[in-house]
Each structure stands twice: as C-alpha cells, then as structure tokens.
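See structure below.
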Amino acid sequence: MLKAKAQISGLAVYQPGKPISQVKRELQLDTIIKLASNENPYGASPKVQDALVQEAANLASYPEGDGYQIREELAEFYGVEKNQIIFGNGSDEIISFITRAYLDSNSNTVMATPTFSVYKTNAAIEGAEVIEVPLKDGTHDLAEMKKAITEQTKVVWVCNPNNPSGTYVKDSELKSFLQAVPNDILIVLDEAYYEYVTGQEYPDSLTYLQEFPNVLVLRTFSKIYGLASLRIGYGIGAAEVIDALNRVRGPFNTNRMAQAAALAALGDQEYVEDCCKLNQFGKEQFYEALKEMQLFYYPTEGNFILIDVQRKGNEAFDYLLRQGIIVRSGEALGFPTFIRVTIGTKEQNEKVIEALKQMVRVLS
Ligand SMILES: *Cc1c(COP(=O)(O)O)cnc(C)c1O
C-alpha cells in the first residue's frame, strides 16, 4: 500500500467556488452571477489583452525564471531592490515556499482564526504545529498572538485585510507588534487586497522593511489587477528572506503569459484606481441595504463583505444559488451563520441585495 506523509491524511482538499458552467447546466439558467472568489468583476485592464497577444508568439520558450522584466518594473514601482522580490504561481505558492523554507515538525506557527486557510494547510504539510488565535471583533488580536508565541515559533501570519472578515490591523497596532516580536521570527503580512484598502490607518508596510528585516509582504495580481487565472503574486522582503525562499522555488514557477500580463496591468494604475473607486461604491451599496435589512456585517477593506444572514450559511448559499447567485457559505470559513459575498458591479450587487431581501422575507 502506498502511504503519503502522515500529516496530510487529515487535510481537506481546497473547495473552490462552484464553477459557473456547472451551475448553469444544473439550474438551466442563462446568467449566473459568481461572487464567490473575490475576483475583479471588471476583469483586467484592457492593456493586458495586447500584451498577451504579443507574448503568445513566444509560447515555445521557457519563461524568464526570475521574471526579469516584471521584477525590474515592480522594484521601481515600489522603490525596493530587485533582490527583495520573489514571484510565485499566485501568492499561494509563496505561502508554500515560506512553510517549506521555515517550518518543520520541530516548529510552530501562529495565525488568526478564522483567516485564509492556505497558511494552515501548508504548515500542516510540513508537520509544524499550528497555533490559532481567535479574532477579536472580527480583527486580528495581536496582543493574544504575541502571547501565543513560543521558543519554537518560526512564522507568524497577519492577513491584512483579513479574509474572510475584511477587517484590518491598524498601523499603530502593527508597529507595536513588530517591536514586541523577537526578530528571528518571520512575520508574513498577506496584503492580497492592498490596492482596495481605503482605511486611513492602514500600515504602509514596505516602510517597515528597513527596521524589521523579519517582515515579508505578500501581494498579488489576482485580485484588483484581475489576473487570477494566470496565477502570479509576489513577496517583498529583506534580501536574506527572499534568498531563502528562492532556494525552495521551482525553476520556472511563473509563466510567460502571466509575467507579460502582470507587466501590462502594473502599467495601468489608472485602471486600478477606477476599480478601487467602483468597489467603494459597491461597498456603500451593500452597507446601506444591509443596515436597512438589519443584517450585521463587518465593515470591509477588501472587495468582499462578510454578512451575518442569521441562519446557516449553507442554507443562504443554497437559496441564493437557486436565484443564480454564487457566494461563499461562511460555514467552511469559520463563520457558520454568515456568507461572504464578493463586491460586484452595481447591477450584480443590486441583484444580490434583492435576493437577500427576498430571502429574509421567505426564510424567516
Ligand atoms: C486570494 C488570496 C490570496 C491568493 O492569491 P493568489 O495570488 O491568487 O494565490 C492570498 N491571500 C489572501 C488573503 C487571499 O484572499
């Protein structure tokens, strides 16, 4: 009998949002609204199309293993050195580099709960102990996270803004935390929704790298840049941290199309700003409607909103699915009576809100 590593037997396979084509077939509906995976409802910048067409001429060549061009541009964009950046097949892959490089069965890692599930899965694969510290009012409880740290702690994760709650850790809180944590512990700041944040007290985390070389910032082209399908994200940190991660990275881990698309997308910051503004309108749309419906939600800094539907998340999920709307049930996300809805276009949001209003009437 083949036997995989003992620690993976208890792991669940990641459950993505239901595919649109499947739901269309099952429900025989023409239009499905998928607001389950925090994708950009407006897609990528129109500039990406041209870049992809051009790059298609080079499909027979391996990609630049180190992402030469996008590295150069990104370093300039953020004012960091080129050796402070690592690219991953999505920032998900960088999470796996972190656990591979820093965790083993003699170490532990501290994270919030509920938070992004990928940290825990990857830590478990390395056999590390996972220490989970409950959110407080939907937000990372940094004081308790600090207390949870032991001699064996190698990595601490701060998802900022947090997925699925959408809340954020403020600059002053983060700074005290960084000062209090021993500098031989890697602190990962996962900022997948960075470009969407409008909160005034959100940390400018790259400014911390000088003083705290144990900080690694993760960002991605999957969310506001609208390139989720191409799988490209990046980490920015001290050169020594990036060097360690590079040692466990596969040689051609991000592909040509992704690198070309990322380069074009990065070059269109106007598009990013527009998407952020539209997301802001969408948030207001939800806030207003949810207040009227008297449904609790966490104010969000991302492009998603976690709503307490006052019944089982799966029940709400099924109800909305029958209306052709795909969201995420909170049951799998650690919020059993909630759903997580990606902020869509104005029209999509209106439909979701209408369906929620109906649901509250029908299922109450
Ligand atoms: C979506 C998401 C990611 C992963 O993004 P990819 O770059 O597509 O792998 C990472 N962290 C959080 C919190 C996310 O929500």
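Residue names in the structure tokens use chain letters A, B, ... in the order shown, residue numbers from 1 in each chain, and ligand numbers from 1 in the order shown.
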What are the closest atom pairs, with distances in Å to one decimal, for each residue of chain A lying within 6 Å of ligand 1, using only C-alpha atoms and all ligand atoms, rows by chain and rising residue number, as a tab-separated table?
```
residue	atom	partner	partner_atom_place_in_ligand_line	distance
A:Gly90	CA	ligand 1	7 (O)	3.4
A:Ser91	CA	ligand 1	7 (O)	3.7
A:Asp92	CA	ligand 1	9 (O)	3.7
A:Phe116	CA	ligand 1	13 (C)	5.2
A:Cys159	CA	ligand 1	13 (C)	5.8
A:Asn163	CA	ligand 1	13 (C)	5.0
A:Asp190	CA	ligand 1	11 (N)	5.8
A:Ala192	CA	ligand 1	12 (C)	5.0
A:Thr220	CA	ligand 1	7 (O)	4.5
A:Ser222	CA	ligand 1	8 (O)	4.6
A:Ala228	CA	ligand 1	8 (O)	5.3
A:Arg231	CA	ligand 1	8 (O)	5.7
A:Ile232	CA	ligand 1	7 (O)	5.7
A:Gly233	CA	ligand 1	7 (O)	4.5
```
Quiz item: Per DSSP on the backbone, what are the strand (DSSP E) residues of stretch 96-150 of chain A, as a PyMOL selection string?
Solution: chain A and resi 108-113+129-134
The selected residues should be written to file as an mmCIF file, in the first residue's frame (atoms: C-alpha atoms).
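The new file again.cif reads:
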```
data_model
loop_
_atom_site.group_PDB
_atom_site.id
_atom_site.type_symbol
_atom_site.label_atom_id
_atom_site.label_comp_id
_atom_site.auth_asym_id
_atom_site.auth_seq_id
_atom_site.Cartn_x
_atom_site.Cartn_y
_atom_site.Cartn_z
ATOM 1 C CA ASN A 108 5.174 26.023 15.281
ATOM 2 C CA THR A 109 3.437 28.862 13.500
ATOM 3 C CA VAL A 110 0.959 31.412 14.839
ATOM 4 C CA MET A 111 -2.051 32.690 12.921
ATOM 5 C CA ALA A 112 -5.521 34.087 13.495
ATOM 6 C CA THR A 113 -8.706 32.058 13.198
ATOM 7 C CA GLU A 129 2.234 22.788 14.933
ATOM 8 C CA VAL A 130 -0.403 25.382 14.088
ATOM 9 C CA ILE A 131 -1.363 27.775 16.875
ATOM 10 C CA GLU A 132 -4.600 29.598 16.120
ATOM 11 C CA VAL A 133 -5.642 32.737 17.947
ATOM 12 C CA PRO A 134 -9.323 33.714 17.651
#
```
Quiz item: Contacts of A:Leu35 at 6 Å or less, counting only C-alpha atoms, minus same-chain residues fewer than 2 places along, as an MDAnalysis selection string?
Solution: chainID A and resid 326:327 341:342
Expected file: the selected residues, N, CA and C atoms, as a PDB file, in the first residue's frame:
```pdb
ATOM      1  N   ILE A 326     -23.875  32.848  -6.992  1.00  0.00           N
ATOM      2  CA  ILE A 326     -22.933  32.002  -6.243  1.00  0.00           C
ATOM      3  C   ILE A 326     -22.126  32.865  -5.279  1.00  0.00           C
ATOM      4  N   VAL A 327     -22.226  32.553  -3.986  1.00  0.00           N
ATOM      5  CA  VAL A 327     -21.417  33.241  -2.972  1.00  0.00           C
ATOM      6  C   VAL A 327     -20.634  32.167  -2.219  1.00  0.00           C
ATOM      7  N   VAL A 341     -19.615  37.586   0.361  1.00  0.00           N
ATOM      8  CA  VAL A 341     -20.013  37.976  -0.986  1.00  0.00           C
ATOM      9  C   VAL A 341     -18.946  38.905  -1.570  1.00  0.00           C
ATOM     10  N   THR A 342     -18.474  38.571  -2.755  1.00  0.00           N
ATOM     11  CA  THR A 342     -17.559  39.487  -3.435  1.00  0.00           C
ATOM     12  C   THR A 342     -18.359  40.694  -3.902  1.00  0.00           C
TER      13      THR A 342
END
```
Exercise. For stretch 136-142 of chain A, list every protein, DNA or RNA residue within 12 Å, evaluated using only C-alpha atoms, and leave out those in the same chain fewer than 2 positions away; present the list as a VMD selection string.
Key: chain A and resid 110 to 115 132 to 134 144 to 149 156 to 181 187 189 296 to 301 306 to 307 334 to 335
Quiz item: Do you know which residues are at most 10 Å from A:Thr99 counting only C-alpha atoms, after dropping those on the same chain fewer than 5 positions away, and could you put them as JSON, numbers by chain?
Solution: {"A": [94, 104, 109, 119, 120, 121, 122, 123, 124, 125, 126, 127, 128, 154, 155, 245, 248]}
Got time to write the residues from that selection, N, CA and C atoms, as a PDB file, in the first residue's frame?
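Writing the result to selection.pdb gives the following:
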```
ATOM      1  N   ILE A  94       3.813  31.260  -2.868  1.00  0.00           N
ATOM      2  CA  ILE A  94       4.815  31.842  -1.963  1.00  0.00           C
ATOM      3  C   ILE A  94       4.550  31.390  -0.530  1.00  0.00           C
ATOM      4  N   ASP A 104       9.161  23.045  10.145  1.00  0.00           N
ATOM      5  CA  ASP A 104       9.300  21.587  10.151  1.00  0.00           C
ATOM      6  C   ASP A 104       8.576  21.072  11.390  1.00  0.00           C
ATOM      7  N   THR A 109       3.752  27.634  14.220  1.00  0.00           N
ATOM      8  CA  THR A 109       3.437  28.862  13.500  1.00  0.00           C
ATOM      9  C   THR A 109       2.148  29.431  14.062  1.00  0.00           C
ATOM     10  N   TYR A 119      -2.596  29.126   4.825  1.00  0.00           N
ATOM     11  CA  TYR A 119      -1.451  29.120   5.758  1.00  0.00           C
ATOM     12  C   TYR A 119      -1.423  27.806   6.540  1.00  0.00           C
ATOM     13  N   LYS A 120      -2.591  27.463   7.087  1.00  0.00           N
ATOM     14  CA  LYS A 120      -2.693  26.299   7.961  1.00  0.00           C
ATOM     15  C   LYS A 120      -2.392  25.020   7.187  1.00  0.00           C
ATOM     16  N   THR A 121      -2.960  24.903   6.011  1.00  0.00           N
ATOM     17  CA  THR A 121      -2.756  23.702   5.200  1.00  0.00           C
ATOM     18  C   THR A 121      -1.272  23.496   4.919  1.00  0.00           C
ATOM     19  N   ASN A 122      -0.613  24.547   4.477  1.00  0.00           N
ATOM     20  CA  ASN A 122       0.802  24.412   4.121  1.00  0.00           C
ATOM     21  C   ASN A 122       1.679  24.142   5.338  1.00  0.00           C
ATOM     22  N   ALA A 123       1.331  24.747   6.463  1.00  0.00           N
ATOM     23  CA  ALA A 123       2.095  24.492   7.686  1.00  0.00           C
ATOM     24  C   ALA A 123       1.923  23.034   8.103  1.00  0.00           C
ATOM     25  N   ALA A 124       0.699  22.532   7.972  1.00  0.00           N
ATOM     26  CA  ALA A 124       0.418  21.145   8.354  1.00  0.00           C
ATOM     27  C   ALA A 124       1.207  20.175   7.473  1.00  0.00           C
ATOM     28  N   ILE A 125       1.332  20.486   6.203  1.00  0.00           N
ATOM     29  CA  ILE A 125       2.083  19.619   5.285  1.00  0.00           C
ATOM     30  C   ILE A 125       3.536  19.466   5.750  1.00  0.00           C
ATOM     31  N   GLU A 126       4.083  20.519   6.327  1.00  0.00           N
ATOM     32  CA  GLU A 126       5.465  20.450   6.826  1.00  0.00           C
ATOM     33  C   GLU A 126       5.541  19.813   8.205  1.00  0.00           C
ATOM     34  N   GLY A 127       4.392  19.462   8.751  1.00  0.00           N
ATOM     35  CA  GLY A 127       4.382  18.816  10.068  1.00  0.00           C
ATOM     36  C   GLY A 127       4.531  19.781  11.227  1.00  0.00           C
ATOM     37  N   ALA A 128       4.394  21.066  10.964  1.00  0.00           N
ATOM     38  CA  ALA A 128       4.542  22.061  12.038  1.00  0.00           C
ATOM     39  C   ALA A 128       3.251  22.151  12.856  1.00  0.00           C
ATOM     40  N   LYS A 154       8.317  29.969  14.419  1.00  0.00           N
ATOM     41  CA  LYS A 154       9.188  30.420  13.326  1.00  0.00           C
ATOM     42  C   LYS A 154       8.499  31.435  12.415  1.00  0.00           C
ATOM     43  N   VAL A 155       7.173  31.309  12.284  1.00  0.00           N
ATOM     44  CA  VAL A 155       6.444  32.174  11.355  1.00  0.00           C
ATOM     45  C   VAL A 155       5.125  32.628  11.989  1.00  0.00           C
ATOM     46  N   LEU A 245      13.742  31.806   0.330  1.00  0.00           N
ATOM     47  CA  LEU A 245      12.548  31.348  -0.403  1.00  0.00           C
ATOM     48  C   LEU A 245      12.922  30.877  -1.808  1.00  0.00           C
ATOM     49  N   VAL A 248      13.826  27.188  -2.340  1.00  0.00           N
ATOM     50  CA  VAL A 248      12.794  26.138  -2.403  1.00  0.00           C
ATOM     51  C   VAL A 248      11.828  26.376  -3.575  1.00  0.00           C
TER      52      VAL A 248
END
```
